[in-house]
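So this one's work27.cif, mmCIF, C-alpha atoms:
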```
data_upload
loop_
_atom_site.label_atom_id
_atom_site.label_comp_id
_atom_site.auth_asym_id
_atom_site.auth_seq_id
_atom_site.Cartn_x
_atom_site.Cartn_y
_atom_site.Cartn_z
CA MET A 648 7.52 -13.27 13.11
CA ASN A 649 8.91 -14.07 9.68
CA LYS A 650 7.94 -17.69 9.37
CA GLN A 651 4.25 -16.94 8.80
CA LEU A 652 4.95 -14.38 6.08
CA LYS A 653 4.88 -15.07 2.37
CA TYR A 654 7.80 -13.41 0.66
CA THR A 655 8.22 -13.12 -3.12
CA ALA A 656 10.65 -15.36 -4.99
CA ASP A 657 13.17 -12.56 -4.40
CA GLY A 658 12.59 -12.79 -0.65
CA LEU A 659 10.71 -9.49 -0.42
CA ILE A 660 7.39 -8.27 0.96
CA PRO A 661 5.67 -4.95 0.13
CA ALA A 662 5.37 -2.50 3.02
CA ILE A 663 2.71 0.21 2.86
CA VAL A 664 3.59 3.17 5.06
CA GLN A 665 0.89 5.26 6.70
CA ASP A 666 1.15 8.31 8.90
CA ALA A 667 -0.10 7.12 12.30
CA SER A 668 -1.94 10.34 13.06
CA THR A 669 -3.41 11.40 9.70
CA ARG A 670 -3.58 7.92 8.09
CA ARG A 671 -2.13 9.46 4.95
CA VAL A 672 -0.35 6.84 2.83
CA LEU A 673 3.18 8.17 2.61
CA MET A 674 4.94 5.58 0.45
CA MET A 675 5.37 1.93 -0.38
CA ALA A 676 8.69 0.17 -0.09
CA TRP A 677 10.00 -3.39 0.11
CA MET A 678 11.44 -5.38 2.99
CA ASN A 679 13.34 -8.62 3.24
CA ARG A 680 13.42 -10.75 6.39
CA GLU A 681 16.36 -8.86 7.84
CA ALA A 682 14.79 -5.45 7.17
CA LEU A 683 11.57 -6.46 8.88
CA THR A 684 13.36 -7.90 11.89
CA LEU A 685 15.49 -4.76 12.21
CA THR A 686 12.41 -2.53 11.84
CA VAL A 687 10.86 -4.22 14.87
CA THR A 688 14.11 -4.35 16.86
CA GLU A 689 15.05 -0.71 16.23
CA ASN A 690 11.47 0.56 16.17
CA ARG A 691 12.07 2.51 12.95
CA ALA A 692 11.43 1.71 9.30
CA ILE A 693 14.24 -0.16 7.58
CA TYR A 694 13.68 -1.31 4.01
CA TRP A 695 15.45 -3.28 1.33
CA SER A 696 16.49 -0.96 -1.49
CA ARG A 697 16.00 -2.91 -4.70
CA SER A 698 17.89 -0.31 -6.75
CA ARG A 699 20.89 -0.21 -4.44
CA GLY A 700 20.70 -3.85 -3.41
CA LYS A 701 21.18 -3.15 0.28
CA LEU A 702 19.38 -2.29 3.49
CA TRP A 703 17.92 1.21 3.53
CA ARG A 704 17.56 2.79 6.94
CA LYS A 705 14.89 5.32 6.06
CA GLY A 706 16.21 8.74 7.07
CA GLU A 707 19.87 7.77 7.04
CA ASP A 708 20.63 10.43 4.40
CA SER A 709 17.71 12.81 4.86
CA GLY A 710 17.14 12.70 8.60
CA HIS A 711 13.52 11.81 7.81
CA VAL A 712 13.35 8.77 10.03
CA GLN A 713 10.06 6.88 10.36
CA LYS A 714 9.33 5.82 13.93
CA LEU A 715 7.28 2.66 14.08
CA HIS A 716 3.94 2.85 15.90
CA GLU A 717 2.23 -0.27 14.66
CA LEU A 718 2.83 -3.14 12.27
CA ARG A 719 -0.05 -4.92 10.52
CA LEU A 720 -0.30 -7.97 8.29
CA ASP A 721 -2.93 -8.78 5.67
CA CYS A 722 -5.10 -11.87 5.27
CA ASP A 723 -2.77 -13.47 2.73
CA ALA A 724 0.30 -12.70 4.87
CA ASP A 725 2.04 -11.17 1.87
CA VAL A 726 1.66 -7.41 2.51
CA ILE A 727 2.40 -5.38 5.64
CA VAL A 728 1.33 -1.93 6.78
CA LEU A 729 3.55 0.27 8.93
CA MET A 730 1.90 3.01 10.95
CA VAL A 731 4.67 5.54 11.54
CA GLU A 732 5.55 8.93 12.88
CA GLN A 733 7.24 10.69 9.98
CA ILE A 734 10.05 12.83 11.37
CA GLY A 735 10.32 16.12 9.47
CA GLY A 736 6.91 15.61 7.88
CA ILE A 737 8.51 14.57 4.59
CA ALA A 738 8.55 10.98 3.35
CA CYS A 739 9.25 11.52 -0.34
CA HIS A 740 12.69 12.08 -1.86
CA THR A 741 11.14 14.93 -3.90
CA GLY A 742 10.65 16.89 -0.65
CA ARG A 743 6.93 16.25 -0.40
CA GLU A 744 4.98 14.82 2.52
CA SER A 745 3.85 11.76 0.57
CA CYS A 746 5.12 10.00 -2.55
CA PHE A 747 1.52 9.96 -3.82
CA TYR A 748 1.36 13.58 -4.94
CA ARG A 749 -0.07 12.98 -8.43
CA VAL A 750 -3.80 12.61 -9.09
CA PHE A 751 -5.38 11.27 -12.27
CA GLU A 752 -7.59 14.06 -13.67
CA ASN A 753 -8.95 14.63 -17.15
CA GLY A 754 -6.81 11.92 -18.67
CA ASP A 755 -3.49 12.85 -17.12
CA TRP A 756 -1.49 12.66 -13.90
CA LYS A 757 -1.45 16.08 -12.23
CA THR A 758 0.88 17.10 -9.44
CA VAL A 759 -1.36 18.47 -6.69
CA GLU A 760 1.01 18.85 -3.75
CA PRO A 761 3.84 21.25 -3.09
CA VAL A 762 7.48 20.53 -2.46
CA LEU A 763 7.89 21.37 1.23
CA LYS A 764 11.67 21.48 1.08
CA ASP A 765 14.20 21.44 -1.74
CA PRO A 766 15.64 17.93 -1.86
CA HIS A 767 19.17 19.31 -2.29
CA ALA A 768 18.75 21.24 0.94
CA ILE A 769 17.39 18.18 2.74
CA TYR A 770 20.38 16.03 1.94
CA ALA A 771 23.01 18.79 2.25
CA GLU A 772 21.76 19.82 5.68
CA HIS A 773 21.80 16.33 6.97
CA ARG A 774 25.35 15.72 5.76
CA HIS A 775 26.50 18.81 7.63
CA GLU A 776 24.93 17.78 10.90
CA MET B 189 -2.46 7.14 -18.64
CA ASN B 190 -0.54 3.89 -18.85
CA LYS B 191 2.49 5.00 -20.80
CA GLN B 192 4.02 6.87 -17.85
CA LEU B 193 3.64 3.94 -15.47
CA LYS B 194 6.33 1.44 -14.64
CA TYR B 195 4.92 -2.05 -14.58
CA THR B 196 6.79 -5.12 -13.29
CA ALA B 197 8.27 -7.63 -15.72
CA ASP B 198 4.92 -9.45 -15.41
CA GLY B 199 3.09 -6.29 -16.51
CA LEU B 200 1.64 -5.53 -13.09
CA ILE B 201 1.52 -2.57 -10.72
CA PRO B 202 0.61 -2.69 -7.01
CA ALA B 203 -2.59 -0.87 -6.06
CA ILE B 204 -3.08 0.24 -2.46
CA VAL B 205 -6.74 0.68 -1.60
CA GLN B 206 -7.86 3.23 0.96
CA ASP B 207 -11.33 4.06 2.24
CA ALA B 208 -11.99 7.58 0.94
CA SER B 209 -13.73 8.74 4.11
CA THR B 210 -11.76 7.05 6.92
CA ARG B 211 -8.42 6.66 5.07
CA ARG B 212 -8.23 3.14 6.41
CA VAL B 213 -6.04 0.95 4.19
CA LEU B 214 -8.41 -1.82 3.11
CA MET B 215 -6.21 -4.04 0.95
CA MET B 216 -3.50 -4.20 -1.66
CA ALA B 217 -4.01 -5.84 -5.02
CA TRP B 218 -2.38 -5.86 -8.45
CA MET B 219 -3.44 -4.35 -11.75
CA ASN B 220 -2.32 -4.79 -15.31
CA ARG B 221 -2.82 -2.14 -18.00
CA GLU B 222 -6.27 -3.40 -18.88
CA ALA B 223 -7.42 -3.52 -15.25
CA LEU B 224 -6.29 0.06 -14.66
CA THR B 225 -7.95 1.33 -17.81
CA LEU B 226 -11.20 -0.45 -16.91
CA THR B 227 -11.04 0.88 -13.34
CA VAL B 228 -11.02 4.42 -14.69
CA THR B 229 -13.60 3.74 -17.41
CA GLU B 230 -16.06 1.95 -15.12
CA ASN B 231 -15.24 4.03 -12.05
CA ARG B 232 -14.89 0.93 -9.87
CA ALA B 233 -11.88 -1.15 -8.80
CA ILE B 234 -10.90 -3.89 -11.22
CA TYR B 235 -7.77 -5.88 -10.49
CA TRP B 236 -5.68 -8.61 -12.03
CA SER B 237 -6.01 -11.78 -9.99
CA ARG B 238 -2.58 -13.41 -9.98
CA SER B 239 -3.95 -16.65 -8.52
CA ARG B 240 -6.77 -16.99 -11.03
CA GLY B 241 -4.89 -15.40 -13.93
CA LYS B 242 -7.76 -13.18 -14.98
CA LEU B 243 -9.41 -9.83 -14.40
CA TRP B 244 -11.08 -9.52 -11.02
CA ARG B 245 -13.99 -7.11 -10.85
CA LYS B 246 -13.93 -6.48 -7.11
CA GLY B 247 -17.38 -7.30 -5.77
CA GLU B 248 -18.39 -9.55 -8.66
CA ASP B 249 -18.92 -12.49 -6.27
CA SER B 250 -19.46 -10.69 -2.96
CA GLY B 251 -21.34 -7.57 -4.00
CA HIS B 252 -18.64 -5.59 -2.22
CA VAL B 253 -17.86 -3.27 -5.08
CA GLN B 254 -15.30 -0.49 -4.61
CA LYS B 255 -16.41 2.79 -6.18
CA LEU B 256 -13.47 4.87 -7.31
CA HIS B 257 -13.15 8.35 -5.81
CA GLU B 258 -9.56 9.19 -6.61
CA LEU B 259 -6.51 7.64 -8.22
CA ARG B 260 -2.99 8.60 -7.18
CA LEU B 261 0.48 7.76 -8.48
CA ASP B 262 3.77 7.75 -6.59
CA CYS B 263 7.04 9.51 -7.38
CA ASP B 264 8.56 6.44 -9.05
CA ALA B 265 5.37 5.81 -11.07
CA ASP B 266 5.34 2.19 -9.94
CA VAL B 267 2.66 2.17 -7.23
CA ILE B 268 -0.89 3.55 -7.28
CA VAL B 269 -3.37 4.42 -4.54
CA LEU B 270 -7.12 4.07 -5.02
CA MET B 271 -9.39 6.08 -2.76
CA VAL B 272 -12.66 4.19 -2.77
CA GLU B 273 -16.12 3.93 -1.30
CA GLN B 274 -16.33 0.35 -0.04
CA ILE B 275 -19.84 -0.91 -0.65
CA GLY B 276 -21.02 -3.12 2.23
CA GLY B 277 -18.16 -1.90 4.44
CA ILE B 278 -16.25 -5.14 3.89
CA ALA B 279 -13.15 -5.36 1.70
CA CYS B 280 -11.64 -8.63 2.97
CA HIS B 281 -12.67 -12.10 1.84
CA THR B 282 -12.63 -13.11 5.53
CA GLY B 283 -15.64 -10.83 6.11
CA ARG B 284 -13.65 -8.06 7.78
CA GLU B 285 -13.57 -4.37 6.89
CA SER B 286 -9.87 -4.43 6.03
CA CYS B 287 -7.43 -7.20 5.09
CA PHE B 288 -5.01 -5.73 7.64
CA TYR B 289 -6.66 -7.13 10.75
CA ARG B 290 -3.53 -8.60 12.38
CA VAL B 291 -1.18 -6.56 14.56
CA PHE B 292 2.31 -7.55 15.64
CA GLU B 293 2.31 -7.65 19.44
CA ASN B 294 4.63 -9.38 21.89
CA GLY B 295 6.35 -11.35 19.18
CA ASP B 296 3.30 -12.61 17.33
CA TRP B 297 0.59 -11.57 14.88
CA LYS B 298 -2.68 -11.06 16.78
CA THR B 299 -6.08 -10.78 15.14
CA VAL B 300 -7.60 -7.58 16.52
CA GLU B 301 -10.68 -7.09 14.37
CA PRO B 302 -13.97 -8.95 14.18
CA VAL B 303 -15.52 -10.75 11.26
CA LEU B 304 -18.46 -8.51 10.35
CA LYS B 305 -20.19 -11.12 8.24
CA ASP B 306 -19.66 -14.84 7.67
CA PRO B 307 -17.90 -15.18 4.30
CA HIS B 308 -20.18 -18.10 3.34
CA ALA B 309 -23.19 -15.86 3.87
CA ILE B 310 -21.61 -13.05 1.84
CA TYR B 311 -21.08 -15.19 -1.22
CA ALA B 312 -24.30 -17.23 -0.90
CA GLU B 313 -26.45 -14.10 -0.59
CA HIS B 314 -24.93 -12.52 -3.60
CA ARG B 315 -25.41 -15.61 -5.75
CA HIS B 316 -29.12 -15.63 -4.87
CA GLU B 317 -29.66 -12.03 -5.81
#
```

Can you give me the file's structure in the form of structure tokens?
Amino acid sequence: MNKQLKYTADGLIPAIVQDASTRRVLMMAWMNREALTLTVTENRAIYWSRSRGKLWRKGEDSGHVQKLHELRLDCDADVIVLMVEQIGGIACHTGRESCFYRVFENGDWKTVEPVLKDPHAIYAEHRHE
Amino acid sequence: MNKQLKYTADGLIPAIVQDASTRRVLMMAWMNREALTLTVTENRAIYWSRSRGKLWRKGEDSGHVQKLHELRLDCDADVIVLMVEQIGGIACHTGRESCFYRVFENGDWKTVEPVLKDPHAIYAEHRHE
């Protein structure tokens, strides 16, 4: 599956993540070849964390796993879309459903969505499981 | 609006484009500061074409303008989402509604969506207008 894809010079490809039922865009992350292969093999979203420089099994710390429903590729073969089931209903590390919770209004970015769960609680709970 | 955003070393930010009514992801493109400012000012999607190295007023050659309905920013301030009205119902240069017309199935990328209009016709018609 990888040979047709166009990765960046760093070996990465952007992955747009959509909720399979609501079509809400939840986040965008990056994958390398290994992450994409593992995502398909394990049927859950696995990214490449650029900040940590390692594979990021989405949900490994939060429990908020993303189950893969469908994988799509664009015309230029350099962007993919993941349709997922978002376990826990929270994709963002701030405790919100989606990372895109700010809207540009009257010249500024306004937060328009609530925190569904305190991030400290999310990560603490999962550690105690 | 730009000062809060985190652009890449090349001065770009990825822009995910969604149909405002269906929430279908139509495409992903890149913007620089000028493109984003113009998008807001002109209320239509204007990107930075990396291949052509210049501003790309979406629809300038095809007529398939994207009217801006809403602009969103993610938690890391390094990705934006545009909710748009896609004039002509075609976002992709292949003549399809969305650039994401290939699905990964049985080990390969399968085209699952029809060409709505021959790309040659799209561009020829618009030139004659």

request  = Compile the contact shell of range 262-271 of chain B as a ChimeraX atom specification: residues with an atom at most 9 Å away, counting all atoms listed in the file, same-chain residues fewer than 6 positions apart removed.
outcome  = /A:672,674-675,739-741,745-749 /B:192-196,201-209,211,233,255-256

key: Given all atoms listed in the file as the counted atoms, nearest of B:Val253, B:Leu259, B:Ala309, B:Ile234 to Trp218 in chain B   =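 The closest residue to Trp218 in chain B is B:Ile234.
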
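Closest approach to Glu258 in chain B among A:Glu752, A:Leu683, A:Leu702, A:Arg691 is made by A:Glu752 (distances from all atoms listed in the file).
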
inquiry  = Would you compute the distance between CA of Ile278 in chain B and CA of Val687 in chain A? Give it in Å to one decimal.
reply    =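 About the pair CA of Ile278 in chain B and CA of Val687 in chain A: they are 29.3 Å apart.
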
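For the structure shown here, the set of residues caught by the PyMOL selection byres ((chain B and resi 295) around 12) is Met648, Asn649, Lys650, Gln651, Thr684, Val687, Thr688 and Leu718 of chain A; Val291, Phe292, Glu293, Asn294, Asp296, Trp297 and Lys298 of chain B.
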
inquiry  = Calculated over all atoms listed in the file, which of the candidates B:Arg212, B:Arg221, B:Lys305, B:Arg260 has the smallest distance to Trp236 in chain B?
reply    =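 Of B:Arg212, B:Arg221, B:Lys305, B:Arg260, the one nearest Trp236 in chain B is B:Arg221, counting all atoms listed in the file.
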
task = Give the answer as one residue: which of B:Met219, B:Leu200, B:Leu226, B:Leu261 has the shortest atom-to-atom distance to chain A, using all atoms listed in the file?
result =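 Of the candidates, the smallest distance to chain A is held by B:Leu261.
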
inquiry  = Please compute the CA of Ser696 in chain A-CA of Asp708 in chain A distance, one decimal, in Å.
reply    = 13.5 Å

key: Atom pair CA of Glu313 in chain B / CA of Ala279 in chain B: separation (Å)   = 16.1 Å

inquiry  = Ranking B:Asp198, B:Tyr311, B:Val300, B:Ile275 by minimum distance to chain A and counting only C-alpha atoms, which one comes first?
reply    =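 Smallest distance to chain A is found for B:Val300.
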
message = Let me make sure I understand: among A:Glu744, A:Asn690, A:His716, A:Arg704, which one has the smallest atom-to-atom distance to Val731 in chain A if we use all atoms listed in the file?
response =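 Comparing A:Glu744, A:Asn690, A:His716, A:Arg704 against Val731 in chain A, the winner is A:His716.
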
message = Taking (18.8, -9.2, -4.6) in the coordinates of the supplied file, I want to know which residues reach to within 9 Å of it, counting only C-alpha atoms; could you give the answer as a PyMOL selection string?
response = chain A and resi 657-658+697+700-701

task = Report as a PyMOL selection string the full result of the PyMOL selection byres ((chain A and resi 763) around 6) when it is applied to this structure.
result = chain A and resi 742-743+761-762+764

Could I see range 697-722 of chain A restored to N, CA and C atoms, set down as an mmCIF file, in the frame of the given file?
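For reference, result-v5.cif as written:
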```cif
data_model
loop_
_atom_site.group_PDB
_atom_site.id
_atom_site.type_symbol
_atom_site.label_atom_id
_atom_site.label_comp_id
_atom_site.auth_asym_id
_atom_site.auth_seq_id
_atom_site.Cartn_x
_atom_site.Cartn_y
_atom_site.Cartn_z
ATOM 1 N N ARG A 697 15.801 -2.040 -3.542
ATOM 2 C CA ARG A 697 16.000 -2.910 -4.700
ATOM 3 C C ARG A 697 16.987 -2.292 -5.677
ATOM 4 N N SER A 698 16.979 -0.952 -5.795
ATOM 5 C CA SER A 698 17.890 -0.310 -6.750
ATOM 6 C C SER A 698 19.338 -0.355 -6.269
ATOM 7 N N ARG A 699 19.517 -0.215 -4.966
ATOM 8 C CA ARG A 699 20.890 -0.210 -4.440
ATOM 9 C C ARG A 699 21.336 -1.589 -3.958
ATOM 10 N N GLY A 700 20.371 -2.497 -3.830
ATOM 11 C CA GLY A 700 20.700 -3.850 -3.410
ATOM 12 C C GLY A 700 21.273 -3.935 -2.006
ATOM 13 N N LYS A 701 20.717 -3.103 -1.119
ATOM 14 C CA LYS A 701 21.180 -3.150 0.280
ATOM 15 C C LYS A 701 20.106 -2.615 1.218
ATOM 16 N N LEU A 702 20.316 -2.807 2.498
ATOM 17 C CA LEU A 702 19.380 -2.290 3.490
ATOM 18 C C LEU A 702 19.335 -0.763 3.405
ATOM 19 N N TRP A 703 18.147 -0.231 3.619
ATOM 20 C CA TRP A 703 17.920 1.210 3.530
ATOM 21 C C TRP A 703 17.268 1.649 4.828
ATOM 22 N N ARG A 704 18.084 2.258 5.684
ATOM 23 C CA ARG A 704 17.560 2.790 6.940
ATOM 24 C C ARG A 704 16.922 4.125 6.635
ATOM 25 N N LYS A 705 15.619 4.112 6.457
ATOM 26 C CA LYS A 705 14.890 5.320 6.060
ATOM 27 C C LYS A 705 15.295 6.488 6.956
ATOM 28 N N GLY A 706 15.776 7.562 6.317
ATOM 29 C CA GLY A 706 16.210 8.740 7.070
ATOM 30 C C GLY A 706 17.707 8.818 7.247
ATOM 31 N N GLU A 707 18.409 7.784 6.804
ATOM 32 C CA GLU A 707 19.870 7.770 7.040
ATOM 33 C C GLU A 707 20.568 8.918 6.319
ATOM 34 N N ASP A 708 20.031 9.319 5.148
ATOM 35 C CA ASP A 708 20.630 10.430 4.400
ATOM 36 C C ASP A 708 19.874 11.737 4.574
ATOM 37 N N SER A 709 18.578 11.626 4.825
ATOM 38 C CA SER A 709 17.710 12.810 4.860
ATOM 39 C C SER A 709 17.398 13.275 6.282
ATOM 40 N N GLY A 710 17.578 12.395 7.240
ATOM 41 C CA GLY A 710 17.140 12.700 8.600
ATOM 42 C C GLY A 710 15.661 12.384 8.805
ATOM 43 N N HIS A 711 14.968 12.052 7.735
ATOM 44 C CA HIS A 711 13.520 11.810 7.810
ATOM 45 C C HIS A 711 13.202 10.375 8.214
ATOM 46 N N VAL A 712 13.566 10.095 9.442
ATOM 47 C CA VAL A 712 13.350 8.770 10.030
ATOM 48 C C VAL A 712 11.851 8.519 10.200
ATOM 49 N N GLN A 713 11.456 7.260 10.095
ATOM 50 C CA GLN A 713 10.060 6.880 10.360
ATOM 51 C C GLN A 713 10.019 6.012 11.608
ATOM 52 N N LYS A 714 9.455 6.573 12.677
ATOM 53 C CA LYS A 714 9.330 5.820 13.930
ATOM 54 C C LYS A 714 8.130 4.894 13.854
ATOM 55 N N LEU A 715 8.350 3.664 14.199
ATOM 56 C CA LEU A 715 7.280 2.660 14.080
ATOM 57 C C LEU A 715 6.290 2.748 15.239
ATOM 58 N N HIS A 716 5.005 2.860 14.885
ATOM 59 C CA HIS A 716 3.940 2.850 15.900
ATOM 60 C C HIS A 716 3.213 1.517 15.917
ATOM 61 N N GLU A 717 2.991 0.971 14.735
ATOM 62 C CA GLU A 717 2.230 -0.270 14.660
ATOM 63 C C GLU A 717 2.564 -0.983 13.363
ATOM 64 N N LEU A 718 2.508 -2.307 13.425
ATOM 65 C CA LEU A 718 2.830 -3.140 12.270
ATOM 66 C C LEU A 718 1.634 -4.057 12.061
ATOM 67 N N ARG A 719 1.122 -4.074 10.817
ATOM 68 C CA ARG A 719 -0.050 -4.920 10.520
ATOM 69 C C ARG A 719 0.244 -5.850 9.354
ATOM 70 N N LEU A 720 -0.486 -6.945 9.320
ATOM 71 C CA LEU A 720 -0.300 -7.970 8.290
ATOM 72 C C LEU A 720 -1.649 -8.267 7.650
ATOM 73 N N ASP A 721 -1.644 -8.534 6.348
ATOM 74 C CA ASP A 721 -2.930 -8.780 5.670
ATOM 75 C C ASP A 721 -3.311 -10.257 5.697
ATOM 76 N N CYS A 722 -4.510 -10.530 5.204
ATOM 77 C CA CYS A 722 -5.100 -11.870 5.270
ATOM 78 C C CYS A 722 -4.271 -12.923 4.547
#
```
